[in-house]
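> If it helps, the file is called run_3.csv and holds CSV, C-alpha atoms:
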chain,number,residue,atom,x,y,z
O,1,MET,CA,-13.3,26.0,-49.1
O,2,GLY,CA,-11.0,24.4,-46.8
O,3,GLU,CA,-11.8,22.3,-43.7
O,4,GLY,CA,-10.9,22.7,-40.0
O,5,ASN,CA,-11.2,26.2,-38.5
O,6,HIS,CA,-11.3,28.0,-41.8
O,7,VAL,CA,-14.2,30.6,-41.9
O,8,VAL,CA,-15.6,33.0,-44.4
O,9,ILE,CA,-16.7,36.4,-43.2
O,10,GLY,CA,-19.4,37.8,-45.4
O,11,MET,CA,-19.8,41.5,-45.4
O,12,ASP,CA,-22.5,43.9,-46.5
O,13,PRO,CA,-20.7,47.2,-46.7
O,14,HIS,CA,-22.1,50.8,-46.5
O,15,LYS,CA,-20.4,54.1,-46.1
O,16,ARG,CA,-20.5,54.4,-42.3
O,17,SER,CA,-21.3,50.9,-41.3
O,18,VAL,CA,-20.8,47.2,-42.3
O,19,THR,CA,-22.7,44.1,-41.3
O,20,ILE,CA,-20.8,40.8,-41.2
O,21,GLU,CA,-21.5,37.1,-40.7
O,22,VAL,CA,-19.0,34.5,-39.8
O,23,MET,CA,-19.6,31.1,-41.5
O,24,THR,CA,-17.7,27.8,-41.6
O,25,SER,CA,-17.1,25.7,-44.7
O,26,ASP,CA,-20.1,23.5,-43.8
O,27,GLU,CA,-22.3,26.7,-43.7
O,28,GLN,CA,-22.6,26.9,-39.9
O,29,VAL,CA,-23.1,30.4,-38.7
O,30,LEU,CA,-20.7,31.2,-35.8
O,31,GLY,CA,-21.4,34.9,-35.3
O,32,GLY,CA,-21.8,38.3,-36.8
O,33,GLY,CA,-22.7,41.9,-36.1
O,34,ARG,CA,-22.9,45.5,-37.2
O,35,PHE,CA,-19.8,47.7,-36.9
O,36,ALA,CA,-19.1,51.3,-37.7
O,37,THR,CA,-16.4,52.1,-40.3
O,38,ASP,CA,-14.7,54.8,-38.3
O,39,VAL,CA,-11.4,54.0,-36.5
O,40,GLU,CA,-13.0,52.7,-33.4
O,41,GLY,CA,-15.6,50.6,-35.2
O,42,PHE,CA,-13.0,49.1,-37.6
O,43,ALA,CA,-10.7,48.2,-34.7
O,44,SER,CA,-13.7,46.6,-32.8
O,45,MET,CA,-14.5,44.5,-35.9
O,46,LEU,CA,-11.0,43.2,-36.2
O,47,ALA,CA,-10.9,42.4,-32.4
O,48,TYR,CA,-14.2,40.5,-32.8
O,49,VAL,CA,-13.0,38.3,-35.7
O,50,ALA,CA,-9.6,37.6,-34.0
O,51,ALA,CA,-11.1,34.4,-32.6
O,52,TRP,CA,-11.0,33.0,-36.2
O,53,PRO,CA,-7.4,33.5,-37.4
O,54,ASP,CA,-7.9,31.3,-40.5
O,55,ARG,CA,-10.4,33.6,-42.3
O,56,VAL,CA,-11.2,35.1,-45.6
O,57,TRP,CA,-13.4,38.2,-46.1
O,58,ALA,CA,-16.0,38.0,-48.8
O,59,ILE,CA,-17.1,41.6,-49.5
O,60,GLU,CA,-19.8,42.7,-51.9
O,61,GLY,CA,-18.9,45.4,-54.4
O,62,CYS,CA,-15.1,45.7,-53.9
O,63,GLU,CA,-15.0,48.0,-56.9
O,64,GLY,CA,-17.8,50.1,-55.6
O,65,ILE,CA,-19.2,50.8,-52.2
O,66,GLY,CA,-17.1,48.1,-50.6
O,67,ARG,CA,-13.8,49.4,-51.8
O,68,HIS,CA,-13.0,51.6,-48.9
O,69,VAL,CA,-13.3,48.9,-46.3
O,70,ALA,CA,-11.7,46.2,-48.5
O,71,GLN,CA,-8.6,48.4,-49.0
O,72,ARG,CA,-8.3,48.9,-45.2
O,73,LEU,CA,-8.5,45.2,-44.6
O,74,ILE,CA,-5.8,44.5,-47.2
O,75,ALA,CA,-3.6,47.1,-45.5
O,76,GLU,CA,-4.0,45.0,-42.3
O,77,GLY,CA,-2.8,41.9,-44.1
O,78,GLU,CA,-6.3,40.3,-44.5
O,79,SER,CA,-7.4,38.1,-47.4
O,80,VAL,CA,-10.3,39.6,-49.3
O,81,VAL,CA,-12.4,38.2,-52.2
O,82,ASP,CA,-14.9,40.3,-54.3
O,83,VAL,CA,-18.5,39.1,-54.4
O,84,PRO,CA,-20.5,40.4,-57.4
O,85,ALA,CA,-23.8,42.0,-56.3
O,86,LYS,CA,-25.8,40.0,-58.8
O,87,LEU,CA,-24.4,36.7,-57.5
O,88,SER,CA,-25.2,37.5,-53.9
O,89,ALA,CA,-28.8,38.5,-55.0
O,90,TRP,CA,-29.3,35.2,-56.7
O,91,VAL,CA,-28.1,33.3,-53.6
O,92,ARG,CA,-30.3,35.4,-51.4
O,93,VAL,CA,-33.4,34.3,-53.4
O,94,PHE,CA,-32.3,30.7,-53.2
O,95,ALA,CA,-31.6,30.9,-49.5
O,96,THR,CA,-34.7,32.8,-48.4
O,97,GLY,CA,-37.2,32.0,-51.0
O,98,GLN,CA,-37.8,35.6,-51.8
O,99,GLY,CA,-35.7,38.7,-52.7
O,100,GLY,CA,-36.3,40.7,-49.5
O,101,LYS,CA,-33.3,42.7,-48.5
O,102,THR,CA,-31.9,43.5,-45.0
O,103,ASP,CA,-28.3,44.0,-43.9
O,104,ASP,CA,-28.4,40.7,-42.1
O,105,THR,CA,-29.8,38.7,-45.0
O,106,ASP,CA,-27.3,40.4,-47.4
O,107,ALA,CA,-24.4,39.5,-45.2
O,108,HIS,CA,-25.7,35.9,-45.0
O,109,SER,CA,-26.0,35.5,-48.7
O,110,ILE,CA,-22.6,37.1,-49.3
O,111,ALA,CA,-21.1,34.6,-46.8
O,112,LEU,CA,-22.9,31.7,-48.7
O,113,VAL,CA,-21.3,32.9,-51.9
O,114,GLY,CA,-17.9,33.0,-50.3
O,115,VAL,CA,-18.3,29.4,-49.0
O,116,ARG,CA,-19.9,27.8,-52.1
O,117,MET,CA,-18.4,29.6,-55.1
O,118,ASN,CA,-15.0,28.8,-56.6
O,119,GLY,CA,-12.9,31.3,-58.5
O,120,LEU,CA,-14.0,34.5,-56.7
O,121,ARG,CA,-11.6,37.3,-57.6
O,122,ALA,CA,-9.0,38.1,-54.9
O,123,VAL,CA,-8.6,41.8,-54.1
O,124,VAL,CA,-5.0,42.9,-54.1
O,125,ASP,CA,-3.3,46.1,-53.3
O,126,ASP,CA,-2.1,47.4,-56.7
O,127,GLU,CA,-0.7,50.9,-56.2
O,128,GLN,CA,-0.3,51.6,-59.9
O,129,LEU,CA,-3.8,50.5,-60.7
O,130,GLU,CA,-5.3,52.5,-57.8
O,131,LEU,CA,-3.4,55.6,-59.0
O,132,LEU,CA,-4.6,55.0,-62.5
O,133,ARG,CA,-8.2,54.8,-61.2
O,134,LEU,CA,-7.8,58.1,-59.4
O,135,LEU,CA,-6.5,59.8,-62.5
O,136,VAL,CA,-9.0,58.5,-64.9
O,137,ASP,CA,-11.9,59.3,-62.6
O,138,ARG,CA,-10.6,62.8,-62.2
O,139,ARG,CA,-10.3,63.1,-66.0
O,140,ARG,CA,-13.9,62.0,-66.4
O,141,ARG,CA,-15.2,64.5,-63.8
O,142,LEU,CA,-13.3,67.3,-65.6
O,143,GLY,CA,-14.9,66.2,-68.9
O,144,GLU,CA,-18.4,66.2,-67.4
O,145,GLU,CA,-17.8,69.6,-65.8
O,146,HIS,CA,-16.6,71.0,-69.1
O,147,THR,CA,-19.7,69.6,-70.9
O,148,ARG,CA,-22.0,71.1,-68.3
O,149,MET,CA,-20.4,74.6,-68.6
O,150,VAL,CA,-20.5,74.5,-72.4
O,151,CYS,CA,-24.2,73.8,-72.3
O,152,GLN,CA,-24.8,76.6,-69.9
O,153,LEU,CA,-22.8,79.0,-72.1
O,154,HIS,CA,-24.7,78.0,-75.2
O,155,GLN,CA,-28.0,78.8,-73.5
O,156,LEU,CA,-26.8,82.3,-72.5
O,157,LEU,CA,-25.3,83.0,-75.9
O,158,LEU,CA,-28.6,82.0,-77.6
O,159,GLU,CA,-30.3,84.7,-75.5
O,160,LEU,CA,-27.5,87.3,-76.3
O,161,ILE,CA,-26.9,86.5,-80.0
O,162,PRO,CA,-29.6,85.7,-82.5
O,163,GLY,CA,-29.1,82.1,-83.5
O,164,GLY,CA,-26.6,81.5,-80.8
O,165,ALA,CA,-23.1,80.0,-81.3
O,166,LYS,CA,-21.9,77.0,-83.3
O,167,ARG,CA,-22.0,73.6,-81.7
O,168,ASP,CA,-18.3,73.0,-81.2
O,169,LEU,CA,-17.5,76.1,-79.2
O,170,SER,CA,-14.1,76.8,-77.6
O,171,ALA,CA,-13.5,79.3,-74.7
O,172,ALA,CA,-11.5,81.5,-77.0
O,173,GLN,CA,-14.3,81.6,-79.6
O,174,ALA,CA,-16.9,82.4,-77.0
O,175,ARG,CA,-14.8,85.2,-75.6
O,176,LYS,CA,-14.5,86.7,-79.1
O,177,LEU,CA,-18.3,86.5,-79.6
O,178,LEU,CA,-19.0,88.1,-76.2
O,179,ALA,CA,-16.6,91.0,-77.1
O,180,GLY,CA,-19.0,92.0,-79.8
O,181,VAL,CA,-22.1,91.9,-77.6
O,182,ARG,CA,-23.3,95.3,-76.2
O,183,PRO,CA,-26.4,94.7,-74.2
O,184,ARG,CA,-28.2,97.9,-73.0
O,185,ASP,CA,-30.6,96.5,-70.4
O,186,VAL,CA,-29.7,95.2,-67.0
O,187,VAL,CA,-30.8,91.7,-67.8
O,188,GLY,CA,-28.6,91.5,-70.9
O,189,LYS,CA,-25.6,92.9,-69.0
O,190,THR,CA,-26.1,90.3,-66.3
O,191,ARG,CA,-26.3,87.5,-68.9
O,192,LYS,CA,-23.1,88.7,-70.5
O,193,GLN,CA,-21.4,88.8,-67.1
O,194,HIS,CA,-22.5,85.3,-66.3
O,195,ALA,CA,-21.3,84.1,-69.8
O,196,MET,CA,-17.9,85.7,-69.2
O,197,GLU,CA,-17.6,83.9,-65.9
O,198,LEU,CA,-18.3,80.6,-67.6
O,199,VAL,CA,-15.6,81.4,-70.3
O,200,VAL,CA,-13.1,82.0,-67.5
O,201,ASP,CA,-14.1,78.7,-65.8
O,202,LEU,CA,-13.8,76.9,-69.2
O,203,GLU,CA,-10.3,78.2,-69.7
O,204,ARG,CA,-9.4,77.0,-66.2
O,205,ILE,CA,-11.0,73.6,-66.9
O,206,TYR,CA,-9.2,73.3,-70.2
O,207,GLN,CA,-5.8,73.8,-68.5
O,208,ARG,CA,-6.6,71.2,-65.9
O,209,LYS,CA,-7.7,68.8,-68.6
O,210,LYS,CA,-4.3,69.2,-70.4
O,211,VAL,CA,-2.4,68.5,-67.2
O,212,ALA,CA,-4.7,65.5,-66.4
O,213,ASN,CA,-4.3,64.1,-69.9
O,214,LYS,CA,-0.5,64.4,-69.7
O,215,GLU,CA,-0.3,62.6,-66.3
O,216,LEU,CA,-2.7,59.9,-67.5
O,217,ILE,CA,-0.8,59.2,-70.7
O,218,GLU,CA,2.5,59.0,-68.8
O,219,LEU,CA,1.1,56.5,-66.3
O,220,ILE,CA,-0.5,54.4,-69.0
O,221,LYS,CA,2.7,54.2,-71.0
O,222,SER,CA,4.5,53.1,-67.8
O,223,THR,CA,2.2,50.0,-67.7
O,224,GLY,CA,3.6,48.8,-71.0
O,225,THR,CA,0.1,48.2,-72.4
O,226,GLY,CA,-0.6,48.0,-76.2
O,227,LEU,CA,-4.1,49.4,-75.9
O,228,LEU,CA,-3.0,52.9,-77.0
O,229,ASP,CA,-1.8,51.4,-80.3
O,230,LEU,CA,-5.4,50.3,-81.1
O,231,HIS,CA,-7.2,52.7,-83.4
O,232,GLY,CA,-10.0,54.5,-81.6
O,233,ILE,CA,-8.7,54.1,-78.0
O,234,GLY,CA,-7.4,57.2,-76.3
O,235,SER,CA,-5.8,57.7,-72.9
O,236,SER,CA,-9.1,57.8,-71.1
O,237,GLY,CA,-10.4,54.6,-72.8
O,238,ALA,CA,-7.2,52.7,-72.2
O,239,ALA,CA,-7.1,53.7,-68.5
O,240,ARG,CA,-10.8,52.8,-68.1
O,241,LEU,CA,-10.1,49.3,-69.6
O,242,LEU,CA,-7.1,48.7,-67.3
O,243,VAL,CA,-9.0,49.9,-64.2
O,244,GLU,CA,-12.3,48.0,-64.8
O,245,VAL,CA,-10.8,44.8,-66.2
O,246,GLY,CA,-8.0,44.5,-63.6
O,247,ASP,CA,-6.8,40.9,-64.0
O,248,ILE,CA,-7.6,39.8,-67.6
O,249,THR,CA,-7.2,36.1,-66.6
O,250,ARG,CA,-10.4,36.2,-64.7
O,251,PHE,CA,-12.1,35.8,-68.1
O,252,PRO,CA,-11.8,32.2,-69.3
O,253,ASP,CA,-12.1,33.2,-72.9
O,254,ARG,CA,-13.0,36.1,-75.2
O,255,GLY,CA,-16.7,35.1,-75.2
O,256,HIS,CA,-16.9,35.6,-71.4
O,257,PHE,CA,-15.1,38.9,-71.9
O,258,ALA,CA,-17.6,40.0,-74.6
O,259,SER,CA,-20.5,39.1,-72.3
O,260,TRP,CA,-18.9,41.2,-69.6
O,261,THR,CA,-18.5,44.2,-72.0
O,262,GLY,CA,-22.1,43.8,-73.1
O,263,THR,CA,-21.2,43.2,-76.7
O,264,ALA,CA,-22.3,39.5,-76.8
O,265,PRO,CA,-26.0,39.2,-77.9
O,266,ILE,CA,-28.3,37.2,-75.7
O,267,ASP,CA,-29.8,34.0,-77.0
O,268,ALA,CA,-33.6,34.5,-77.2
O,269,SER,CA,-34.5,31.4,-79.3
O,270,SER,CA,-37.7,29.5,-78.8
O,271,GLY,CA,-38.6,26.3,-80.4
O,272,ASP,CA,-37.6,26.3,-84.1
O,273,ARG,CA,-37.2,30.1,-84.1
O,274,VAL,CA,-33.6,31.1,-83.6
O,275,ARG,CA,-32.9,34.7,-82.7
O,276,HIS,CA,-30.7,36.8,-80.5
O,277,ARG,CA,-31.4,40.2,-78.8
O,278,LEU,CA,-29.2,43.1,-77.8
O,279,SER,CA,-27.6,42.8,-74.4
O,280,ARG,CA,-28.4,45.6,-72.1
O,281,GLY,CA,-26.1,44.2,-69.4
O,282,GLY,CA,-22.4,44.1,-69.0
O,283,ASN,CA,-20.1,46.9,-67.9
O,284,ARG,CA,-21.6,49.9,-69.5
O,285,GLN,CA,-18.5,52.1,-69.1
O,286,ILE,CA,-16.4,49.6,-71.1
O,287,ASN,CA,-19.3,49.3,-73.6
O,288,VAL,CA,-19.0,53.0,-74.2
O,289,VAL,CA,-15.3,52.7,-74.7
O,290,LEU,CA,-15.9,50.1,-77.4
O,291,HIS,CA,-18.6,52.2,-79.0
O,292,ILE,CA,-16.3,55.2,-79.3
O,293,MET,CA,-13.6,52.9,-80.7
O,294,ALA,CA,-16.0,51.6,-83.3
O,295,THR,CA,-17.3,55.1,-84.2
O,296,VAL,CA,-13.7,56.4,-84.6
O,297,GLN,CA,-12.9,53.5,-86.9
O,298,LEU,CA,-15.8,54.3,-89.1
O,299,ARG,CA,-14.7,57.9,-89.7
O,300,LYS,CA,-11.7,57.0,-91.7
O,301,PRO,CA,-10.7,54.1,-94.0
O,302,THR,CA,-9.8,51.4,-91.5
O,303,GLN,CA,-10.1,47.6,-91.3
O,304,GLY,CA,-12.9,48.1,-88.8
O,305,GLY,CA,-14.7,50.2,-91.4
O,306,ALA,CA,-14.1,47.6,-94.0
O,307,TYR,CA,-15.6,44.9,-91.7
O,308,TYR,CA,-18.6,47.1,-91.1
O,309,ASP,CA,-19.1,47.6,-94.8
O,310,ARG,CA,-19.0,43.8,-95.3
O,311,LYS,CA,-21.7,43.3,-92.8
O,312,ILE,CA,-23.9,46.0,-94.5
O,313,ALA,CA,-23.3,44.2,-97.8
O,314,ALA,CA,-24.4,40.9,-96.2
O,315,GLY,CA,-27.8,42.4,-95.4
O,316,LYS,CA,-27.2,43.7,-91.8
O,317,SER,CA,-28.8,46.9,-90.7
O,318,SER,CA,-26.5,49.7,-89.6
O,319,ASN,CA,-27.2,49.0,-85.9
O,320,GLU,CA,-26.6,45.3,-86.4
O,321,ALA,CA,-23.3,45.9,-88.2
O,322,MET,CA,-22.2,48.3,-85.4
O,323,ARG,CA,-23.0,45.5,-82.9
O,324,CYS,CA,-20.9,43.0,-84.9
O,325,LEU,CA,-18.1,45.5,-85.1
O,326,LYS,CA,-18.2,46.2,-81.3
O,327,ARG,CA,-18.1,42.4,-80.7
O,328,ARG,CA,-15.1,42.0,-82.9
O,329,LEU,CA,-13.3,45.0,-81.3
O,330,SER,CA,-14.0,43.4,-77.9
O,331,HIS,CA,-12.1,40.3,-79.1
O,332,ILE,CA,-9.2,42.5,-80.2
O,333,VAL,CA,-9.0,44.3,-76.8
O,334,PHE,CA,-9.1,40.9,-75.0
O,335,ARG,CA,-6.2,39.7,-77.2
O,336,THR,CA,-4.2,42.9,-76.6
O,337,MET,CA,-4.6,42.7,-72.9
O,338,LEU,CA,-3.5,39.0,-72.9
O,339,ASN,CA,-0.5,39.9,-75.0
O,340,ASP,CA,0.4,42.6,-72.5
O,341,LEU,CA,0.3,40.1,-69.7
O,342,VAL,CA,2.5,37.7,-71.6
O,343,ALA,CA,4.9,40.4,-72.5
O,344,ASN,CA,5.1,41.8,-68.9
O,345,LYS,CA,5.5,38.4,-67.2
O,346,ALA,CA,7.2,36.5,-70.0
O,347,THR,CA,4.8,33.6,-69.2
O,348,GLY,CA,1.3,32.5,-70.1
O,349,PRO,CA,-1.9,34.1,-68.8
O,350,GLY,CA,-2.1,34.0,-65.0
O,351,GLY,CA,1.7,33.8,-64.7
O,352,HIS,CA,1.9,30.0,-65.6
O,353,GLY,CA,4.4,29.1,-68.2
O,354,GLY,CA,3.1,27.4,-71.3
O,355,ALA,CA,-0.5,28.4,-70.9
O,356,SER,CA,-2.5,28.5,-74.0
O,357,LEU,CA,-3.7,31.5,-75.9
O,358,GLN,CA,-6.3,29.6,-78.0
O,359,SER,CA,-9.2,31.4,-76.3
O,360,SER,CA,-8.0,34.8,-77.5
O,361,ALA,CA,-9.0,36.6,-80.7
O,362,ALA,CA,-7.6,35.2,-83.9
O,363,GLY,CA,-5.8,38.4,-84.8
O,364,SER,CA,-5.2,42.0,-84.0
O,365,HIS,CA,-7.6,43.4,-86.7
O,366,PRO,CA,-11.3,43.0,-87.3
O,367,HIS,CA,-10.9,41.2,-90.6
O,368,THR,CA,-9.2,38.1,-89.1
O,369,GLY,CA,-11.2,35.0,-88.5
O,370,SER,CA,-12.8,34.4,-85.2
O,371,SER,CA,-16.1,33.1,-83.9
O,372,ASP,CA,-19.3,35.1,-84.1
O,373,LYS,CA,-21.1,32.9,-81.7
O,374,SER,CA,-23.4,34.9,-79.4
O,375,LEU,CA,-22.4,33.1,-76.2
O,376,PRO,CA,-19.3,31.4,-75.0
O,377,GLY,CA,-19.1,27.6,-74.9
O,378,PRO,CA,-18.6,25.6,-71.7
O,379,VAL,CA,-15.5,26.3,-69.7
O,380,LYS,CA,-13.6,23.1,-69.2
O,381,ALA,CA,-10.6,24.7,-67.4
O,382,LYS,CA,-12.7,26.0,-64.5
O,383,PRO,CA,-14.0,23.7,-61.7
O,384,LYS,CA,-17.8,23.3,-61.6
O,385,THR,CA,-19.5,25.3,-58.9
O,386,ARG,CA,-22.0,23.7,-56.6
O,387,LEU,CA,-25.5,25.0,-56.9
O,388,PRO,CA,-26.6,27.0,-53.9
O,389,ARG,CA,-28.8,25.0,-51.5
O,390,ALA,CA,-31.5,26.3,-49.3
O,391,SER,CA,-30.6,27.0,-45.8
Mind turning this structure into structure tokens?

Amino acid sequence: MGEGNHVVIGMDPHKRSVTIEVMTSDEQVLGGGRFATDVEGFASMLAYVAAWPDRVWAIEGCEGIGRHVAQRLIAEGESVVDVPAKLSAWVRVFATGQGGKTDDTDAHSIALVGVRMNGLRAVVDDEQLELLRLLVDRRRRLGEEHTRMVCQLHQLLLELIPGGAKRDLSAAQARKLLAGVRPRDVVGKTRKQHAMELVVDLERIYQRKKVANKELIELIKSTGTGLLDLHGIGSSGAARLLVEVGDITRFPDRGHFASWTGTAPIDASSGDRVRHRLSRGGNRQINVVLHIMATVQLRKPTQGGAYYDRKIAAGKSSNEAMRCLKRRLSHIVFRTMLNDLVANKATGPGGHGGASLQSSAAGSHPHTGSSDKSLPGPVKAKPKTRLPRAS
């Protein structure tokens, strides 16, 4: 960080309150406190930090619990960087010698990350991206509500009709089945009434899903992304990728991107024994998108399916071949999003003319050559970050 009067304000956010700590570039603590997130509390916090005009806010979880306060600060013209929760947890252990959590120690560790770490992602006010987030979250909730109602309807139909209904049941099919049910007892009549109510709700949800899908597709197309051209990625998957990834240039290469998506295996070698294990980390929502993409490619003759078959022929198990395919698809998604950035800005990644694309996937299909290394190599383009020191 810079010298002089520049300060970093670490923030541990919650729904109704935030705890902050003001720290200089040499890690001297100048102040801090706890403030409410209502109008009066937010104004009081800004008045408190006015004594340090050259400031940057380091907020934990700007894509989660910290989003509401980060967006309000950006609207006030403040500079905000996002601190990953895992990173602040590591620093907290180094700084305190144990992992105990309090709001004050959390704010202190977040401020330390803001002072010590280079390359933290700046939070920007992207109206199109925020709108896309709202639409894709709404579409996800509608899908979850639809699934819940269908499960309830299946349970009632199983008690009304011997053997129940088929698995893939539409509202119209359920209505037709219920029309042929004539229960005589009060319990059966009540079950049928509840089932008909669920059918009506399903028809309503279906119409809302159609409208949500249309709005989502129109907005995705307006971004100019090529994700929709990839086999196996629909509107919800493309929107989730755009929302969760944000700035693709924050990943130095495709290996880092694969690690973030949870498709890069973890090196678990010991001595002369070389082995890798499945990664349970990474962004699980994006991992699901890639899993669906892989599954769809296996249903029809595709290049992804051919790649999977070659892995099976090479002695891989079905699970291992699927993991290889997901890793390769992660490379393709990374390359596609880099190409989108280049096409939209007519420059290299990050908006700098002449930047290299060597770190991207070797081609747009799974059969093209690219590295199968489990972990990315050292990043030479990024400055080295100092190790946290005990305070």
> Tell me, as a list of chain:residue names, which residues lie within 12 Å of Gly164 in chain O, counting all atoms listed in the file; anything in the same chain fewer than 6 positions away does not count.
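Using all atoms listed in the file, the neighbours found are O:Cys151, O:Leu153, O:His154, O:Gln155, O:Leu156, O:Leu157, O:Leu158, O:Ala174, O:Leu177, O:Leu178, O:Val181.
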> How many Å separate CA of Trp52 in chain O from CA of Glu21 in chain O?
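Between CA of Trp52 in chain O and CA of Glu21 in chain O the gap is 12.1 Å.
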> Using all atoms listed in the file, which residue out of O:Arg67, O:Arg92, O:Arg133, O:Arg273 lies closest to Val245 in chain O?
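When distances to Val245 in chain O are compared using all atoms listed in the file, the smallest one comes from O:Arg133.
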> Report, in Å with one decimal, the straight-line distance from CA of Lys209 in chain O to CA of Leu135 in chain O.
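Those two atoms sit 10.9 Å apart.
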> Give the answer as one residue: which of O:Val56, O:Leu338, O:Leu298, O:Ala95 has the shortest atom-to-atom distance to Ala321 in chain O, using all atoms listed in the file?
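For Ala321 in chain O, the nearest of the given residues is O:Leu298.
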> As an NGL selection string, please: the residues near Met293 in chain O (cut-off 12 Å, all atoms listed in the file, same-chain neighbours under 3 positions excluded).
:O and (227-234 or 236-238 or 286-290 or 296-300 or 302 or 304-305 or 322 or 325-330 or 332-333)
> Which residue, O:Ser109, O:Gln173, O:Ser25, O:Ser235, has the smallest gap to Leu87 in chain O when you use only C-alpha atoms?
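Checking each of O:Ser109, O:Gln173, O:Ser25, O:Ser235 against Leu87 in chain O, counting only C-alpha atoms, the winner is O:Ser109.
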> If I take CA of Gln207 in chain O and CA of Leu160 in chain O, how far is one from the other in Å, to one decimal?
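It comes out at 26.7 Å.
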> Between O:Val18, O:Ala314, O:Val8, O:Leu120, which one has atoms that come closest to Glu78 in chain O, using all atoms listed in the file?
O:Val8
> Would you please work out which residue, of O:Ala111, O:Leu169, O:Ala195, O:Val136, is nearest to Glu215 in chain O when using all atoms listed in the file?
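Smallest separation from Glu215 in chain O among the options: O:Val136.
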> Around the point (-1.4, 43.1, -48.7), in the coordinates given by the file, pick out the residues reaching within 7 Å, counting all atoms listed in the file, and return them as a PyMOL selection string.
chain O and resi 74-75+77+124-125
> Could you pull out every residue with an atom within 8 Å of (-24.6, 45.8, -45.7), file coordinates, counting all atoms listed in the file, and send them as a VMD selection string?
chain O and resid 11 to 14 17 to 20 102 to 104 106 to 107
> Deliver the residues from the most recent selection as a file, using C-alpha atoms, as a CSV table (one decimal), in the frame of the given file.

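For reference, again26.csv as written:
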chain,number,residue,atom,x,y,z
O,11,MET,CA,-19.8,41.5,-45.4
O,12,ASP,CA,-22.5,43.9,-46.5
O,13,PRO,CA,-20.7,47.2,-46.7
O,14,HIS,CA,-22.1,50.8,-46.5
O,17,SER,CA,-21.3,50.9,-41.3
O,18,VAL,CA,-20.8,47.2,-42.3
O,19,THR,CA,-22.7,44.1,-41.3
O,20,ILE,CA,-20.8,40.8,-41.2
O,102,THR,CA,-31.9,43.5,-45.0
O,103,ASP,CA,-28.3,44.0,-43.9
O,104,ASP,CA,-28.4,40.7,-42.1
O,106,ASP,CA,-27.3,40.4,-47.4
O,107,ALA,CA,-24.4,39.5,-45.2
> Can you work out which one of O:Trp57, O:Phe94, O:Trp260, O:Tyr308 has the shortest atom-to-atom distance to His6 in chain O, counting only C-alpha atoms?
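Ranked by minimum distance to His6 in chain O, first place goes to O:Trp57.
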> For N, CA and C atoms, please extract range 46-57 of chain O from the block and return it as a PDB file, in the first residue's frame.

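Saved result, decode23.pdb, follows:
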ATOM      1  N   LEU O  46     -19.489   7.045   8.269  1.00  0.00           N
ATOM      2  CA  LEU O  46     -18.810   7.908   7.297  1.00  0.00           C
ATOM      3  C   LEU O  46     -18.256   9.159   7.962  1.00  0.00           C
ATOM      4  N   ALA O  47     -18.987   9.706   8.936  1.00  0.00           N
ATOM      5  CA  ALA O  47     -18.483  10.884   9.649  1.00  0.00           C
ATOM      6  C   ALA O  47     -17.239  10.526  10.460  1.00  0.00           C
ATOM      7  N   TYR O  48     -17.209   9.310  11.014  1.00  0.00           N
ATOM      8  CA  TYR O  48     -16.060   8.889  11.813  1.00  0.00           C
ATOM      9  C   TYR O  48     -14.805   8.753  10.965  1.00  0.00           C
ATOM     10  N   VAL O  49     -14.931   8.191   9.760  1.00  0.00           N
ATOM     11  CA  VAL O  49     -13.747   7.949   8.927  1.00  0.00           C
ATOM     12  C   VAL O  49     -13.381   9.170   8.093  1.00  0.00           C
ATOM     13  N   ALA O  50     -14.142  10.252   8.199  1.00  0.00           N
ATOM     14  CA  ALA O  50     -13.834  11.458   7.421  1.00  0.00           C
ATOM     15  C   ALA O  50     -12.467  12.027   7.781  1.00  0.00           C
ATOM     16  N   ALA O  51     -11.937  11.681   8.936  1.00  0.00           N
ATOM     17  CA  ALA O  51     -10.618  12.175   9.350  1.00  0.00           C
ATOM     18  C   ALA O  51      -9.503  11.580   8.506  1.00  0.00           C
ATOM     19  N   TRP O  52      -9.794  10.525   7.737  1.00  0.00           N
ATOM     20  CA  TRP O  52      -8.803   9.891   6.872  1.00  0.00           C
ATOM     21  C   TRP O  52      -9.318   9.903   5.433  1.00  0.00           C
ATOM     22  N   PRO O  53      -9.145  11.029   4.750  1.00  0.00           N
ATOM     23  CA  PRO O  53      -9.716  11.128   3.393  1.00  0.00           C
ATOM     24  C   PRO O  53      -9.096  10.169   2.381  1.00  0.00           C
ATOM     25  N   ASP O  54      -7.816   9.819   2.569  1.00  0.00           N
ATOM     26  CA  ASP O  54      -7.152   8.887   1.657  1.00  0.00           C
ATOM     27  C   ASP O  54      -7.323   7.483   2.225  1.00  0.00           C
ATOM     28  N   ARG O  55      -8.443   6.831   1.869  1.00  0.00           N
ATOM     29  CA  ARG O  55      -8.801   5.561   2.493  1.00  0.00           C
ATOM     30  C   ARG O  55      -9.312   4.568   1.454  1.00  0.00           C
ATOM     31  N   VAL O  56      -9.132   3.304   1.809  1.00  0.00           N
ATOM     32  CA  VAL O  56      -9.679   2.192   1.035  1.00  0.00           C
ATOM     33  C   VAL O  56     -10.371   1.253   2.013  1.00  0.00           C
ATOM     34  N   TRP O  57     -11.556   0.820   1.652  1.00  0.00           N
ATOM     35  CA  TRP O  57     -12.311  -0.108   2.491  1.00  0.00           C
ATOM     36  C   TRP O  57     -11.999  -1.535   2.068  1.00  0.00           C
TER      37      TRP O  57
END
